[in-house]
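Data from model04.json: JSON, C-alpha atoms
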```json
[["chain", "number", "residue", "atom", "x", "y", "z"],
["A", 1, "ALA", "CA", -45.70, -59.85, 42.21],
["A", 2, "PHE", "CA", -44.18, -56.93, 40.31],
["A", 3, "LEU", "CA", -40.86, -57.39, 42.15],
["A", 4, "ARG", "CA", -40.80, -61.04, 41.12],
["A", 5, "GLU", "CA", -41.34, -60.06, 37.48],
["A", 6, "LEU", "CA", -38.38, -57.70, 37.77],
["A", 7, "GLY", "CA", -36.18, -60.42, 39.29],
["A", 8, "LEU", "CA", -36.16, -58.65, 42.68],
["A", 9, "ALA", "CA", -38.22, -61.09, 44.70],
["A", 10, "ARG", "CA", -35.44, -61.39, 47.29],
["A", 11, "ILE", "CA", -36.07, -57.85, 48.57],
["A", 12, "THR", "CA", -39.82, -58.36, 49.08],
["A", 13, "GLU", "CA", -39.43, -59.41, 52.71],
["A", 14, "ALA", "CA", -37.10, -56.50, 53.50],
["A", 15, "LEU", "CA", -39.62, -54.05, 52.02],
["A", 16, "ALA", "CA", -42.41, -55.63, 54.04],
["A", 17, "GLU", "CA", -40.37, -55.13, 57.21],
["A", 18, "GLU", "CA", -40.38, -51.41, 56.35],
["A", 19, "GLY", "CA", -44.15, -51.51, 55.91],
["A", 20, "ILE", "CA", -44.03, -51.39, 52.09],
["A", 21, "THR", "CA", -46.35, -54.12, 50.85],
["A", 22, "SER", "CA", -47.69, -52.72, 47.56],
["A", 23, "PRO", "CA", -46.58, -50.66, 44.54],
["A", 24, "GLU", "CA", -48.85, -47.85, 45.70],
["A", 25, "MET", "CA", -46.94, -47.61, 48.99],
["A", 26, "LEU", "CA", -43.57, -47.74, 47.20],
["A", 27, "LYS", "CA", -44.37, -44.76, 44.99],
["A", 28, "ASP", "CA", -44.97, -42.56, 48.05],
["A", 29, "LEU", "CA", -41.27, -42.82, 48.98],
["A", 30, "GLU", "CA", -38.66, -40.24, 48.01],
["A", 31, "LEU", "CA", -35.44, -41.01, 46.11],
["A", 32, "ASP", "CA", -33.42, -40.55, 49.31],
["A", 33, "ASP", "CA", -35.60, -43.24, 50.93],
["A", 34, "ILE", "CA", -34.89, -45.63, 48.04],
["A", 35, "ASN", "CA", -31.14, -45.03, 48.22],
["A", 36, "GLU", "CA", -31.13, -45.46, 52.00],
["A", 37, "PHE", "CA", -33.08, -48.72, 51.66],
["A", 38, "ILE", "CA", -30.50, -50.04, 49.18],
["A", 39, "LYS", "CA", -27.69, -49.18, 51.62],
["A", 40, "ASP", "CA", -29.55, -50.91, 54.47],
["A", 41, "LEU", "CA", -29.97, -53.98, 52.27],
["A", 42, "ALA", "CA", -26.21, -54.16, 51.72],
["A", 43, "ALA", "CA", -25.59, -53.77, 55.46],
["A", 44, "SER", "CA", -27.93, -56.67, 56.14],
["A", 45, "GLY", "CA", -26.14, -58.92, 53.65],
["A", 46, "ILE", "CA", -28.41, -58.44, 50.61],
["A", 47, "LYS", "CA", -26.13, -56.74, 48.10],
["A", 48, "LEU", "CA", -27.94, -55.75, 44.93],
["A", 49, "LYS", "CA", -26.08, -55.91, 41.65],
["A", 50, "LEU", "CA", -25.69, -52.75, 39.62],
["A", 51, "GLY", "CA", -28.48, -53.78, 37.25],
["A", 52, "GLU", "CA", -30.80, -54.68, 40.14],
["A", 53, "LYS", "CA", -30.31, -51.25, 41.69],
["A", 54, "SER", "CA", -31.10, -49.66, 38.34],
["A", 55, "LYS", "CA", -34.25, -51.78, 37.98],
["A", 56, "PHE", "CA", -35.44, -50.94, 41.46],
["A", 57, "ARG", "CA", -34.88, -47.19, 41.04],
["A", 58, "ALA", "CA", -36.51, -47.31, 37.61],
["A", 59, "ALA", "CA", -39.46, -49.19, 39.10],
["A", 60, "TRP", "CA", -39.95, -46.54, 41.74],
["A", 61, "LYS", "CA", -39.61, -43.76, 39.13],
["A", 62, "ALA", "CA", -42.18, -45.36, 36.82],
["A", 63, "LEU", "CA", -44.63, -45.72, 39.70],
["A", 64, "ARG", "CA", -44.18, -42.06, 40.62],
["A", 65, "GLU", "CA", -44.88, -41.08, 37.02],
["A", 66, "GLY", "CA", -47.92, -43.31, 36.80],
["A", 67, "GLY", "CA", -46.29, -46.04, 34.68],
["A", 68, "ALA", "CA", -46.46, -49.80, 35.01],
["A", 69, "PRO", "CA", -43.77, -51.18, 37.32],
["A", 70, "THR", "CA", -43.33, -54.37, 35.28],
["A", 71, "SER", "CA", -41.80, -52.32, 32.46],
["A", 72, "LEU", "CA", -39.17, -51.00, 34.77],
["A", 73, "GLY", "CA", -35.46, -51.57, 34.47],
["A", 74, "LYS", "CA", -35.61, -52.00, 30.72],
["A", 75, "PRO", "CA", -33.28, -49.39, 29.24],
["A", 76, "LYS", "CA", -34.61, -47.26, 26.45],
["A", 77, "ASN", "CA", -33.24, -47.84, 22.97],
["A", 78, "PRO", "CA", -30.01, -45.81, 22.93],
["A", 79, "ASP", "CA", -30.47, -45.30, 19.19],
["A", 80, "ALA", "CA", -33.83, -43.56, 19.64],
["A", 81, "LYS", "CA", -33.74, -39.82, 18.97],
["A", 82, "THR", "CA", -35.56, -39.08, 22.21],
["A", 83, "ALA", "CA", -33.26, -41.20, 24.38],
["A", 84, "LYS", "CA", -31.20, -39.33, 26.95],
["A", 85, "VAL", "CA", -27.47, -40.02, 27.09],
["A", 86, "CYS", "CA", -24.71, -39.63, 29.63],
["A", 87, "ILE", "CA", -21.67, -37.72, 28.44],
["A", 88, "LEU", "CA", -18.58, -39.84, 29.04],
["A", 89, "ASP", "CA", -15.86, -37.86, 30.79],
["A", 90, "GLU", "CA", -12.59, -37.07, 29.05],
["A", 91, "PRO", "CA", -10.38, -39.71, 30.76],
["A", 92, "LEU", "CA", -12.89, -42.48, 29.96],
["A", 93, "ASN", "CA", -13.15, -41.36, 26.34],
["A", 94, "ASP", "CA", -9.37, -41.19, 26.08],
["A", 95, "LEU", "CA", -9.01, -44.70, 27.51],
["A", 96, "LEU", "CA", -11.51, -46.13, 25.03],
["A", 97, "LYS", "CA", -9.61, -44.50, 22.17],
["A", 98, "GLU", "CA", -6.25, -45.67, 23.51],
["A", 99, "LEU", "CA", -7.49, -49.27, 23.64],
["A", 100, "ARG", "CA", -9.31, -48.91, 20.30],
["A", 101, "LEU", "CA", -12.63, -49.63, 21.97],
["A", 102, "GLN", "CA", -14.35, -46.36, 21.07],
["A", 103, "ASP", "CA", -17.10, -48.28, 19.26],
["A", 104, "TYR", "CA", -18.56, -48.99, 22.72],
["A", 105, "ALA", "CA", -18.80, -45.30, 23.64],
["A", 106, "GLU", "CA", -22.38, -44.94, 22.41],
["A", 107, "LYS", "CA", -23.71, -47.89, 24.42],
["A", 108, "LEU", "CA", -21.71, -46.77, 27.46],
["A", 109, "SER", "CA", -23.59, -43.47, 27.19],
["A", 110, "ASN", "CA", -26.85, -45.20, 28.14],
["A", 111, "PRO", "CA", -27.90, -43.44, 31.40],
["A", 112, "THR", "CA", -29.40, -46.64, 32.79],
["A", 113, "LEU", "CA", -25.90, -48.04, 33.22],
["A", 114, "TRP", "CA", -24.83, -45.16, 35.46],
["A", 115, "GLU", "CA", -27.88, -44.68, 37.69],
["A", 116, "SER", "CA", -26.09, -46.07, 40.74],
["A", 117, "CYS", "CA", -23.37, -43.42, 40.18],
["A", 118, "GLY", "CA", -25.82, -40.55, 40.06],
["A", 119, "GLY", "CA", -25.60, -40.44, 36.27],
["A", 120, "LYS", "CA", -21.87, -39.70, 36.29],
["A", 121, "ALA", "CA", -20.25, -41.65, 33.44],
["A", 122, "SER", "CA", -16.58, -41.38, 34.34],
["A", 123, "LEU", "CA", -13.35, -43.32, 34.62],
["A", 124, "GLU", "CA", -13.27, -42.38, 38.29],
["A", 125, "GLU", "CA", -16.60, -44.14, 38.92],
["A", 126, "LEU", "CA", -15.46, -47.26, 37.05],
["A", 127, "VAL", "CA", -12.27, -47.46, 39.09],
["A", 128, "ALA", "CA", -14.27, -47.06, 42.32],
["A", 129, "MET", "CA", -16.77, -49.83, 41.42],
["A", 130, "SER", "CA", -16.53, -53.38, 42.67],
["A", 131, "GLU", "CA", -15.17, -55.95, 40.22],
["A", 132, "GLN", "CA", -18.65, -57.47, 39.92],
["A", 133, "ALA", "CA", -20.29, -54.11, 39.16],
["A", 134, "ARG", "CA", -17.71, -53.29, 36.51],
["A", 135, "GLY", "CA", -18.28, -56.61, 34.79],
["A", 136, "PHE", "CA", -22.05, -56.16, 34.82],
["A", 137, "LEU", "CA", -21.80, -52.68, 33.34],
["A", 138, "LEU", "CA", -19.53, -53.81, 30.51],
["A", 139, "ASP", "CA", -21.81, -56.77, 29.77],
["A", 140, "ALA", "CA", -24.78, -54.42, 29.61],
["A", 141, "ALA", "CA", -22.82, -52.21, 27.20],
["A", 142, "GLY", "CA", -22.29, -55.19, 24.92],
["A", 143, "PHE", "CA", -18.54, -55.67, 25.38],
["A", 144, "LYS", "CA", -17.25, -58.82, 23.71],
["A", 145, "PRO", "CA", -15.39, -61.19, 26.09],
["A", 146, "GLY", "CA", -11.94, -60.32, 24.75],
["A", 147, "HIS", "CA", -12.62, -56.59, 24.76],
["A", 148, "LYS", "CA", -14.09, -56.81, 28.25],
["A", 149, "ALA", "CA", -11.00, -58.62, 29.58],
["A", 150, "LYS", "CA", -8.71, -56.06, 27.94],
["A", 151, "PHE", "CA", -10.64, -53.11, 29.37],
["A", 152, "LEU", "CA", -10.86, -54.57, 32.89],
["A", 153, "ARG", "CA", -7.15, -55.39, 32.86],
["A", 154, "HIS", "CA", -6.34, -51.79, 32.01],
["A", 155, "LEU", "CA", -8.71, -50.47, 34.69],
["A", 156, "LEU", "CA", -6.73, -52.43, 37.28],
["A", 157, "ASP", "CA", -3.55, -50.77, 35.98],
["A", 158, "VAL", "CA", -5.19, -47.34, 36.33],
["A", 159, "GLU", "CA", -6.27, -48.17, 39.88],
["A", 160, "ASP", "CA", -2.78, -49.39, 40.84],
["A", 161, "THR", "CA", -0.85, -46.54, 39.27],
["A", 162, "LYS", "CA", -2.98, -43.47, 39.95],
["A", 163, "PRO", "CA", -0.99, -41.16, 42.24],
["A", 164, "ARG", "CA", -2.03, -40.60, 45.83],
["A", 165, "TYR", "CA", 0.65, -37.99, 46.47],
["A", 166, "ILE", "CA", 2.09, -35.15, 44.45],
["A", 167, "SER", "CA", 5.53, -36.60, 45.18],
["A", 168, "GLU", "CA", 4.54, -39.65, 43.09],
["A", 169, "MET", "CA", 3.86, -37.48, 40.05],
["A", 170, "LYS", "CA", 6.53, -36.70, 37.45],
["A", 171, "LEU", "CA", 8.61, -33.64, 38.31],
["A", 172, "LEU", "CA", 8.77, -31.71, 35.03],
["A", 173, "GLU", "CA", 11.09, -28.89, 36.06],
["A", 174, "PHE", "CA", 12.21, -26.71, 38.94],
["A", 175, "SER", "CA", 13.91, -23.35, 39.30],
["A", 176, "HIS", "CA", 15.42, -20.93, 41.85],
["A", 177, "ILE", "CA", 16.44, -23.67, 44.28],
["A", 178, "GLY", "CA", 19.30, -22.41, 46.46],
["A", 179, "LYS", "CA", 20.81, -25.78, 47.42],
["A", 180, "GLY", "CA", 20.63, -29.16, 45.75],
["A", 181, "LYS", "CA", 17.33, -29.83, 43.99],
["A", 182, "VAL", "CA", 13.66, -30.36, 44.79],
["A", 183, "GLY", "CA", 13.41, -33.22, 47.27],
["A", 184, "VAL", "CA", 10.67, -35.84, 46.93],
["A", 185, "GLY", "CA", 9.51, -38.54, 49.32],
["A", 186, "ASP", "CA", 11.35, -38.10, 52.62],
["A", 187, "CYS", "CA", 14.29, -36.16, 51.12],
["A", 188, "LEU", "CA", 14.66, -32.43, 51.78],
["A", 189, "GLY", "CA", 16.72, -32.07, 48.61],
["A", 190, "HIS", "CA", 20.26, -31.37, 49.86],
["A", 191, "ASN", "CA", 22.96, -32.63, 52.20],
["A", 192, "GLY", "CA", 21.10, -35.91, 52.81],
["A", 193, "LEU", "CA", 18.60, -34.21, 55.14],
["A", 194, "LYS", "CA", 15.19, -35.77, 55.78],
["A", 195, "ILE", "CA", 11.95, -33.81, 55.84],
["A", 196, "THR", "CA", 10.53, -33.23, 59.32],
["A", 197, "THR", "CA", 7.71, -30.87, 60.25],
["A", 198, "VAL", "CA", 6.38, -30.19, 63.75],
["A", 199, "GLY", "CA", 8.30, -33.23, 64.98],
["A", 200, "ASP", "CA", 6.89, -35.61, 62.35],
["A", 201, "THR", "CA", 8.93, -37.41, 59.72],
["A", 202, "VAL", "CA", 7.36, -36.89, 56.30],
["A", 203, "ARG", "CA", 7.51, -39.86, 53.91],
["A", 204, "HIS", "CA", 5.69, -38.54, 50.85],
["A", 205, "GLY", "CA", 6.64, -34.90, 50.92],
["A", 206, "ILE", "CA", 8.37, -32.29, 48.78],
["A", 207, "GLY", "CA", 11.37, -30.31, 50.02],
["A", 208, "MET", "CA", 12.69, -26.98, 48.71],
["A", 209, "TYR", "CA", 15.46, -24.55, 49.61],
["A", 210, "PRO", "CA", 14.33, -21.40, 47.76],
["A", 211, "GLN", "CA", 16.85, -18.75, 46.76],
["A", 212, "SER", "CA", 16.70, -15.54, 48.74],
["A", 213, "ASN", "CA", 14.32, -12.95, 47.25],
["A", 214, "LYS", "CA", 13.27, -15.35, 44.49],
["A", 215, "ILE", "CA", 10.25, -17.54, 43.75],
["A", 216, "ALA", "CA", 11.20, -21.22, 43.82],
["A", 217, "LEU", "CA", 9.11, -23.37, 41.48],
["A", 218, "ALA", "CA", 8.42, -27.11, 41.23],
["A", 219, "LYS", "CA", 6.20, -28.18, 38.35],
["A", 220, "PHE", "CA", 4.49, -31.60, 38.33],
["A", 221, "SER", "CA", 2.62, -33.43, 35.57],
["A", 222, "ILE", "CA", -0.87, -34.70, 36.46],
["A", 223, "PRO", "CA", -1.11, -38.12, 34.76],
["A", 224, "SER", "CA", -3.89, -38.85, 32.28],
["A", 225, "GLY", "CA", -6.62, -40.88, 33.96],
["A", 226, "THR", "CA", -6.14, -39.30, 37.39],
["A", 227, "PRO", "CA", -9.67, -39.15, 38.87],
["A", 228, "ALA", "CA", -11.13, -35.76, 39.75],
["A", 229, "GLY", "CA", -10.70, -34.71, 43.35],
["A", 230, "ALA", "CA", -8.42, -32.36, 45.25],
["A", 231, "PHE", "CA", -4.73, -31.83, 45.80],
["A", 232, "LYS", "CA", -4.31, -31.04, 49.45],
["A", 233, "GLY", "CA", -1.71, -31.02, 52.13],
["A", 234, "ALA", "CA", 0.23, -28.67, 54.37],
["A", 235, "VAL", "CA", 3.29, -26.49, 53.98],
["A", 236, "ALA", "CA", 5.75, -25.54, 56.70],
["A", 237, "ILE", "CA", 9.24, -24.31, 57.39],
["A", 238, "ASP", "CA", 11.20, -27.49, 58.05],
["A", 239, "ASP", "CA", 12.18, -28.34, 61.62],
["A", 240, "SER", "CA", 15.84, -27.97, 60.60],
["A", 241, "GLN", "CA", 15.27, -24.18, 60.69],
["A", 242, "LYS", "CA", 15.89, -22.91, 64.22],
["A", 243, "GLY", "CA", 14.42, -19.59, 65.25],
["A", 244, "ALA", "CA", 12.51, -17.00, 63.26],
["A", 245, "MET", "CA", 13.41, -16.37, 59.64],
["A", 246, "LEU", "CA", 14.91, -12.95, 58.87],
["A", 247, "GLY", "CA", 12.97, -10.75, 56.47],
["A", 248, "LYS", "CA", 9.28, -10.86, 55.56],
["A", 249, "GLY", "CA", 9.22, -14.65, 55.36],
["A", 250, "LEU", "CA", 7.88, -17.24, 52.94],
["A", 251, "GLN", "CA", 4.64, -17.52, 51.02],
["A", 252, "PHE", "CA", 3.48, -20.78, 49.46],
["A", 253, "ARG", "CA", 1.29, -20.97, 46.38],
["A", 254, "ALA", "CA", -0.26, -23.92, 44.51],
["A", 255, "CYS", "CA", -1.93, -23.57, 41.13],
["A", 256, "ILE", "CA", -3.26, -25.64, 38.24],
["A", 257, "ARG", "CA", -2.08, -24.51, 34.82],
["A", 258, "LYS", "CA", -3.76, -25.32, 31.53],
["A", 259, "GLY", "CA", -1.21, -25.24, 28.69],
["A", 260, "ASP", "CA", 2.45, -24.15, 28.82],
["A", 261, "ALA", "CA", 3.93, -21.49, 31.08],
["A", 262, "LYS", "CA", 3.92, -18.74, 28.44],
["A", 263, "THR", "CA", 0.54, -19.22, 26.77],
["A", 264, "GLY", "CA", -1.29, -21.26, 29.40],
["A", 265, "ARG", "CA", -3.68, -19.91, 31.95],
["A", 266, "GLU", "CA", -3.91, -20.50, 35.68],
["A", 267, "VAL", "CA", -7.20, -22.17, 36.50],
["A", 268, "LEU", "CA", -7.12, -22.53, 40.26],
["A", 269, "PHE", "CA", -4.69, -21.52, 42.95],
["A", 270, "GLN", "CA", -4.35, -21.05, 46.66],
["A", 271, "THR", "CA", -1.89, -18.90, 48.60],
["A", 272, "THR", "CA", -0.89, -19.15, 52.26],
["A", 273, "GLU", "CA", -0.12, -16.27, 54.58],
["A", 274, "TRP", "CA", 3.51, -15.22, 55.07],
["A", 275, "ILE", "CA", 5.40, -17.75, 57.21],
["A", 276, "LYS", "CA", 8.44, -16.94, 59.38],
["A", 277, "ARG", "CA", 8.82, -19.80, 61.86],
["A", 278, "SER", "CA", 8.87, -23.58, 61.96],
["A", 279, "GLY", "CA", 6.54, -25.47, 64.29],
["A", 280, "LYS", "CA", 3.27, -24.90, 62.44],
["A", 281, "LYS", "CA", 1.67, -26.38, 59.32],
["A", 282, "TYR", "CA", -0.40, -24.28, 56.92],
["A", 283, "GLU", "CA", -2.99, -26.33, 55.07],
["A", 284, "PHE", "CA", -3.92, -25.91, 51.43],
["A", 285, "LYS", "CA", -6.45, -27.52, 49.11],
["A", 286, "VAL", "CA", -6.89, -27.14, 45.35],
["A", 287, "GLU", "CA", -9.95, -28.77, 43.76],
["A", 288, "TRP", "CA", -9.24, -30.35, 40.39],
["A", 289, "LYS", "CA", -10.83, -32.15, 37.46],
["A", 290, "PRO", "CA", -9.28, -33.16, 34.12],
["A", 291, "SER", "CA", -10.70, -30.23, 32.17],
["A", 292, "PHE", "CA", -8.87, -27.77, 34.46],
["A", 293, "GLY", "CA", -5.40, -28.62, 33.18],
["A", 294, "ASP", "CA", -2.57, -31.14, 33.39],
["A", 295, "THR", "CA", 0.11, -29.31, 35.35],
["A", 296, "LEU", "CA", 0.35, -28.58, 39.07],
["A", 297, "GLU", "CA", 2.77, -25.83, 40.07],
["A", 298, "LEU", "CA", 4.08, -25.33, 43.59],
["A", 299, "GLU", "CA", 5.79, -22.02, 44.32],
["A", 300, "VAL", "CA", 7.57, -20.67, 47.38],
["A", 301, "GLU", "CA", 8.38, -16.97, 47.41],
["A", 302, "CYS", "CA", 11.25, -16.16, 49.73],
["A", 303, "LYS", "CA", 11.62, -12.59, 51.01],
["A", 304, "GLY", "CA", 14.56, -12.86, 53.36],
["A", 305, "LEU", "CA", 17.37, -15.34, 53.99],
["A", 306, "ASN", "CA", 17.24, -18.87, 52.59],
["A", 307, "VAL", "CA", 15.39, -21.47, 54.62],
["A", 308, "ASN", "CA", 14.29, -25.10, 54.18],
["A", 309, "VAL", "CA", 10.62, -25.54, 53.23],
["A", 310, "SER", "CA", 8.64, -28.77, 53.17],
["A", 311, "VAL", "CA", 5.26, -29.67, 51.74],
["A", 312, "SER", "CA", 3.79, -32.58, 53.69],
["A", 313, "PRO", "CA", 1.08, -34.89, 52.38],
["A", 314, "ARG", "CA", -2.48, -35.67, 53.17],
["A", 315, "PRO", "CA", -3.99, -38.35, 50.91],
["A", 316, "SER", "CA", -7.10, -37.45, 48.96],
["A", 317, "ARG", "CA", -9.24, -38.94, 46.23],
["A", 318, "GLY", "CA", -7.63, -38.01, 42.98],
["A", 319, "GLY", "CA", -4.24, -37.14, 44.45],
["A", 320, "GLY", "CA", -2.50, -35.70, 47.46],
["A", 321, "ALA", "CA", 0.41, -33.49, 48.33]]
```
Could the structure of this file be written out as structure tokens, please?
Amino acid sequence: AFLRELGLARITEALAEEGITSPEMLKDLELDDINEFIKDLAASGIKLKLGEKSKFRAAWKALREGGAPTSLGKPKNPDAKTAKVCILDEPLNDLLKELRLQDYAEKLSNPTLWESCGGKASLEELVAMSEQARGFLLDAAGFKPGHKAKFLRHLLDVEDTKPRYISEMKLLEFSHIGKGKVGVGDCLGHNGLKITTVGDTVRHGIGMYPQSNKIALAKFSIPSGTPAGAFKGAVAIDDSQKGAMLGKGLQFRACIRKGDAKTGREVLFQTTEWIKRSGKKYEFKVEWKPSFGDTLELEVECKGLNVNVSVSPRPSRGGGA
């Protein structure tokens, strides 16, 4: 009966199949059990809406705390002093301000709206949601029809334009390149050569020909609204290099910089071992979130004769190399 009052009568039979036939039995479950049950429902063709998931989890929570399940799923008054709030992440706040929709920020901070996302109120989560879930969340936050359409339209733009590869980001500057320029995509950067590593043609890579005994640099801008994740890929001496490189070799370094080159600070970086031969890829991964900074720097230190270097991609959530 309590499920019917919550508008969740359609999951009664599925619960019964799991041996859950009363509120008392439901409260004995753990949160992992509830989440697994919701996933199993979706696999069986019963896909709960975002609000229904929130109601069901809230029902379980109220039962565990000794409350009445029929009061579940009703969000607390976001204006109440005791109400908890979710902190909207920086890209989501920036988007609301850009679209002049910041008046909805307070209602979007209602934690009930983000329960299915683990309480993470972020632009990344909105982009990852289904179209139906996004619409429900905005309705629950009180978006007017015109404002809702405007916001959803812009979310689609964010989803379509967010970079999957570093080569799709804006190249801000480069230095100490011995031949040509920094190559992007499948271009090595000089003489019309294509990037190839370990026999594979690279389509979304970055090519460099660092000057001897210098540190070649390629600096990329991380676009606003890029979801948190990791920049990852592999670096190698291009297949066009035959034989071992003379000298100590090459060392690749990737770092996130917050602020400009003179006053900014490096937040995260990763360095490979020294590389002397082609035929092997050296993987790298740099975790990132918007608060870390807005610039990704790729460096190749060359101690020896010039040689072609390529950074090949591996897609990842929030960007790739």
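For stretch 20-22 of chain A, the list of residues within 12 Å, based on all atoms listed in the file and with local chain neighbours fewer than 2 positions off taken out, reads Ala1, Phe2, Leu3, Ile11, Thr12, Glu13, Ala14, Leu15, Ala16, Glu17, Glu18, Glu24, Met25, Leu26, Lys27, Asp28, Leu29, Asp33, Ile34, Phe37, Trp60, Leu63 and Pro69 of chain A.
Closest approach to A:Asp239 among A:Lys219, A:Lys280, A:Lys107, A:Lys53: A:Lys280, based on all atoms listed in the file.
Excluding A:Leu296 itself and same-chain residues fewer than 4 positions from it, the residues having an atom within 7 Å of it are Lys219, Phe220, Ser221, Ile222, Cys255, Ile256 and Arg257 of chain A, counting only C-alpha atoms.
A cut-off of 9 Å from the point (14.0, -12.8, 53.0), with only C-alpha atoms, picks out the residues Ser212, Asn213, Lys214, Met245, Leu246, Gly247, Lys248, Gly249, Leu250, Glu301, Cys302, Lys303, Gly304, Leu305, Asn306 and Val307 of chain A.
Using all atoms listed in the file, the smallest distance between any of A:Gly185, A:Leu156, A:Phe231, A:Gln211 and A:Arg134 comes from A:Leu156.
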Quick one: pull the distance between atom CA of A:Met208 and atom CA of A:Gly183, Å, one decimal.
6.4 Å
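Shortest separation to A:Ile46 among A:Cys86, A:Leu8, A:Leu126, A:Leu188 occurs at residue A:Leu8, atoms counted being all atoms listed in the file.
Distance-wise, atom CA of A:Gly146 and atom CA of A:Gly51 end up 21.7 Å apart.
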